[in-house]
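Colleague: Hey, dropping target.cif in here, mmCIF, N, CA and C atoms:
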data_target
loop_
_atom_site.label_atom_id
_atom_site.label_comp_id
_atom_site.auth_asym_id
_atom_site.auth_seq_id
_atom_site.Cartn_x
_atom_site.Cartn_y
_atom_site.Cartn_z
N MET A 17 -19.38 14.54 -72.37
CA MET A 17 -18.95 15.40 -73.45
C MET A 17 -19.20 14.65 -74.77
N PRO A 18 -19.92 15.26 -75.70
CA PRO A 18 -20.21 14.58 -76.96
C PRO A 18 -18.95 14.38 -77.81
N ASP A 19 -18.92 13.27 -78.53
CA ASP A 19 -17.80 12.95 -79.41
C ASP A 19 -17.89 13.82 -80.66
N PRO A 20 -16.88 14.69 -80.93
CA PRO A 20 -16.95 15.55 -82.11
C PRO A 20 -16.81 14.78 -83.42
N LEU A 21 -16.40 13.52 -83.36
CA LEU A 21 -16.26 12.72 -84.57
C LEU A 21 -17.52 11.90 -84.87
N ALA A 22 -18.50 11.92 -83.96
CA ALA A 22 -19.76 11.22 -84.21
C ALA A 22 -20.49 11.91 -85.36
N GLU A 23 -21.19 11.12 -86.15
CA GLU A 23 -21.84 11.65 -87.35
C GLU A 23 -22.75 12.83 -87.06
N GLU A 24 -23.50 12.79 -85.96
CA GLU A 24 -24.42 13.88 -85.65
C GLU A 24 -23.71 15.15 -85.21
N ASN A 25 -22.40 15.09 -84.90
CA ASN A 25 -21.66 16.26 -84.44
C ASN A 25 -20.65 16.79 -85.46
N LEU A 26 -20.53 16.15 -86.62
CA LEU A 26 -19.50 16.55 -87.58
C LEU A 26 -19.66 17.98 -88.08
N LEU A 27 -20.86 18.46 -88.21
CA LEU A 27 -21.09 19.81 -88.72
C LEU A 27 -21.26 20.84 -87.61
N SER A 28 -21.10 20.43 -86.37
CA SER A 28 -21.22 21.35 -85.25
C SER A 28 -20.10 22.38 -85.29
N THR A 29 -20.41 23.60 -84.89
CA THR A 29 -19.41 24.67 -84.92
C THR A 29 -18.67 24.81 -83.59
N SER A 30 -18.94 23.94 -82.63
CA SER A 30 -18.26 24.01 -81.34
C SER A 30 -17.99 22.60 -80.82
N GLY A 31 -17.24 22.53 -79.72
CA GLY A 31 -17.03 21.25 -79.07
C GLY A 31 -15.77 20.51 -79.48
N ARG A 32 -14.81 21.20 -80.06
CA ARG A 32 -13.59 20.52 -80.49
C ARG A 32 -12.35 20.88 -79.68
N GLY A 33 -12.45 21.87 -78.81
CA GLY A 33 -11.28 22.35 -78.07
C GLY A 33 -10.65 21.28 -77.20
N ILE A 34 -11.43 20.65 -76.33
CA ILE A 34 -10.89 19.62 -75.44
C ILE A 34 -10.45 18.41 -76.25
N PHE A 35 -11.20 18.07 -77.30
CA PHE A 35 -10.81 16.97 -78.19
C PHE A 35 -9.41 17.20 -78.76
N LEU A 36 -9.15 18.43 -79.24
CA LEU A 36 -7.84 18.75 -79.81
C LEU A 36 -6.75 18.77 -78.75
N MET A 37 -7.06 19.30 -77.56
CA MET A 37 -6.05 19.31 -76.49
C MET A 37 -5.64 17.89 -76.13
N ARG A 38 -6.60 16.99 -76.02
CA ARG A 38 -6.29 15.59 -75.71
C ARG A 38 -5.48 14.94 -76.83
N ALA A 39 -5.78 15.30 -78.08
CA ALA A 39 -5.09 14.70 -79.22
C ALA A 39 -3.63 15.15 -79.31
N PHE A 40 -3.35 16.41 -78.97
CA PHE A 40 -2.00 16.95 -79.16
C PHE A 40 -1.11 16.88 -77.93
N MET A 41 -1.68 16.69 -76.77
CA MET A 41 -0.88 16.68 -75.54
C MET A 41 -0.59 15.25 -75.10
N ASP A 42 0.52 15.06 -74.39
CA ASP A 42 0.87 13.74 -73.87
C ASP A 42 0.13 13.46 -72.56
N GLU A 43 -0.17 14.49 -71.81
CA GLU A 43 -0.93 14.35 -70.57
C GLU A 43 -2.02 15.41 -70.56
N PHE A 44 -3.24 15.01 -70.21
CA PHE A 44 -4.36 15.94 -70.14
C PHE A 44 -5.27 15.49 -69.01
N LYS A 45 -5.43 16.32 -67.99
CA LYS A 45 -6.28 16.00 -66.85
C LYS A 45 -7.14 17.20 -66.52
N VAL A 46 -8.38 16.94 -66.13
CA VAL A 46 -9.27 17.98 -65.61
C VAL A 46 -9.51 17.63 -64.15
N VAL A 47 -9.14 18.54 -63.26
CA VAL A 47 -9.27 18.30 -61.82
C VAL A 47 -10.07 19.45 -61.20
N PRO A 48 -10.71 19.19 -60.07
CA PRO A 48 -11.44 20.27 -59.39
C PRO A 48 -10.50 21.41 -59.01
N GLY A 49 -10.93 22.64 -59.24
CA GLY A 49 -10.12 23.81 -58.89
C GLY A 49 -10.11 24.05 -57.40
N ARG A 50 -9.06 24.71 -56.92
CA ARG A 50 -8.93 25.00 -55.49
C ARG A 50 -10.00 25.97 -55.00
N THR A 51 -10.43 26.87 -55.87
CA THR A 51 -11.42 27.88 -55.47
C THR A 51 -12.72 27.69 -56.24
N GLY A 52 -13.00 26.48 -56.67
CA GLY A 52 -14.18 26.20 -57.47
C GLY A 52 -13.81 26.06 -58.93
N GLY A 53 -14.75 25.66 -59.75
CA GLY A 53 -14.46 25.48 -61.17
C GLY A 53 -13.59 24.26 -61.41
N ALA A 54 -12.78 24.34 -62.42
CA ALA A 54 -11.91 23.21 -62.79
C ALA A 54 -10.56 23.73 -63.22
N GLU A 55 -9.54 22.89 -63.06
CA GLU A 55 -8.20 23.18 -63.56
C GLU A 55 -7.85 22.14 -64.60
N ILE A 56 -7.19 22.57 -65.65
CA ILE A 56 -6.74 21.65 -66.69
C ILE A 56 -5.23 21.55 -66.57
N ILE A 57 -4.74 20.32 -66.48
CA ILE A 57 -3.29 20.06 -66.40
C ILE A 57 -2.89 19.38 -67.69
N MET A 58 -1.98 20.03 -68.42
CA MET A 58 -1.52 19.49 -69.69
C MET A 58 0.00 19.48 -69.70
N SER A 59 0.57 18.47 -70.36
CA SER A 59 2.02 18.46 -70.56
C SER A 59 2.32 17.88 -71.92
N LYS A 60 3.41 18.34 -72.50
CA LYS A 60 3.88 17.88 -73.79
C LYS A 60 5.33 17.51 -73.65
N LYS A 61 5.69 16.28 -74.00
CA LYS A 61 7.08 15.84 -73.92
C LYS A 61 7.78 16.22 -75.22
N LEU A 62 8.87 16.94 -75.09
CA LEU A 62 9.62 17.39 -76.26
C LEU A 62 10.81 16.47 -76.50
N PRO A 63 11.20 16.29 -77.77
CA PRO A 63 12.37 15.45 -78.06
C PRO A 63 13.65 16.11 -77.56
N LEU A 64 14.62 15.30 -77.24
CA LEU A 64 15.92 15.82 -76.82
C LEU A 64 16.62 16.44 -78.02
N PRO A 65 17.44 17.47 -77.81
CA PRO A 65 18.18 18.06 -78.92
C PRO A 65 19.03 16.99 -79.61
N GLY A 66 19.00 16.99 -80.94
CA GLY A 66 19.78 16.02 -81.70
C GLY A 66 19.10 14.67 -81.82
N ASN A 67 17.89 14.54 -81.29
CA ASN A 67 17.15 13.28 -81.37
C ASN A 67 15.86 13.55 -82.14
N PRO A 68 15.90 13.46 -83.49
CA PRO A 68 14.72 13.79 -84.28
C PRO A 68 13.62 12.77 -84.09
N GLY A 69 12.44 13.14 -84.49
CA GLY A 69 11.33 12.21 -84.42
C GLY A 69 10.19 12.79 -83.61
N MET A 70 9.20 11.97 -83.44
CA MET A 70 8.01 12.40 -82.74
C MET A 70 8.16 12.10 -81.26
N ASN A 71 8.36 13.14 -80.45
CA ASN A 71 8.50 13.02 -79.01
C ASN A 71 9.61 12.06 -78.60
N GLY A 72 10.65 12.01 -79.40
CA GLY A 72 11.78 11.15 -79.06
C GLY A 72 11.55 9.69 -79.38
N LYS A 73 10.42 9.35 -80.03
CA LYS A 73 10.11 7.96 -80.34
C LYS A 73 10.61 7.55 -81.72
N GLY A 74 11.19 8.47 -82.46
CA GLY A 74 11.64 8.18 -83.81
C GLY A 74 10.53 8.44 -84.81
N SER A 75 10.90 8.73 -86.04
CA SER A 75 9.89 9.00 -87.05
C SER A 75 9.64 7.74 -87.86
N GLN A 76 8.43 7.57 -88.32
CA GLN A 76 8.07 6.39 -89.06
C GLN A 76 8.58 6.48 -90.48
N GLY A 77 9.12 5.40 -90.98
CA GLY A 77 9.55 5.33 -92.36
C GLY A 77 10.88 5.99 -92.65
N ALA A 78 11.52 6.57 -91.68
CA ALA A 78 12.79 7.24 -91.92
C ALA A 78 13.94 6.29 -91.60
N ALA A 79 14.94 6.29 -92.45
CA ALA A 79 16.11 5.46 -92.22
C ALA A 79 17.01 6.11 -91.18
N PRO A 80 17.68 5.34 -90.34
CA PRO A 80 18.59 5.94 -89.37
C PRO A 80 19.71 6.70 -90.07
N LYS A 81 20.11 7.82 -89.50
CA LYS A 81 21.20 8.62 -90.09
C LYS A 81 22.53 8.10 -89.56
N LYS A 82 23.49 7.99 -90.47
CA LYS A 82 24.84 7.57 -90.09
C LYS A 82 25.78 8.74 -90.27
N GLU A 83 26.65 8.94 -89.28
CA GLU A 83 27.63 10.01 -89.38
C GLU A 83 28.85 9.52 -90.12
N ALA A 84 29.44 10.42 -90.93
CA ALA A 84 30.62 10.06 -91.72
C ALA A 84 31.88 10.21 -90.93
#
Mind converting the file's structure to structure tokens?

Modeller:
Amino acid sequence: MPDPLAEENLLSTSGRGIFLMRAFMDEFKVVPGRTGGAEIIMSKKLPLPGNPGMNGKGSQGAAPKKEA
């Protein structure tokens, strides 16, 4: 699969879908399909309620909040 960030592909009008899925998902796998073709397995880890930040890892540059 060509790299969409390579200089020769920057102006291409296609080829960014899988690149974006890999960038935004925590897990991305392409496996052979049961009846032919391929299956894509994706998962996204969501933060716990009351735990702000990026996927529960905390946000960069933010000071911890203290309760009064």

Colleague: Suppose you want the space between atom C of Met37 in chain A and atom C of Ser59 in chain A; what is it in Å?

Modeller: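 Here the two named atoms are 9.0 Å from each other.
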
Colleague: Once the PyMOL selection byres (((chain A and resi 57 and name CA) around 7) and name CA) is applied to the coordinates I shared, what remains selected? I want it as a list in words.

Modeller: Phe44, Lys45, Val46, Glu55, Ile56, Met58 and Ser59 of chain A

Colleague: Can you tell me how far atom C of Pro20 in chain A sits from atom N of Arg38 in chain A, in Å to one decimal?

Modeller: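 So the two atoms, atom C of Pro20 in chain A and atom N of Arg38 in chain A, lie 12.8 Å apart.
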
Colleague: For a test of reading the model, state the distance in Å between CA of Leu27 in chain A and atom C of Phe40 in chain A, rounded to one decimal.

Modeller: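 Taking CA of Leu27 in chain A as the start and atom C of Phe40 in chain A as the end point, the length is 22.9 Å.
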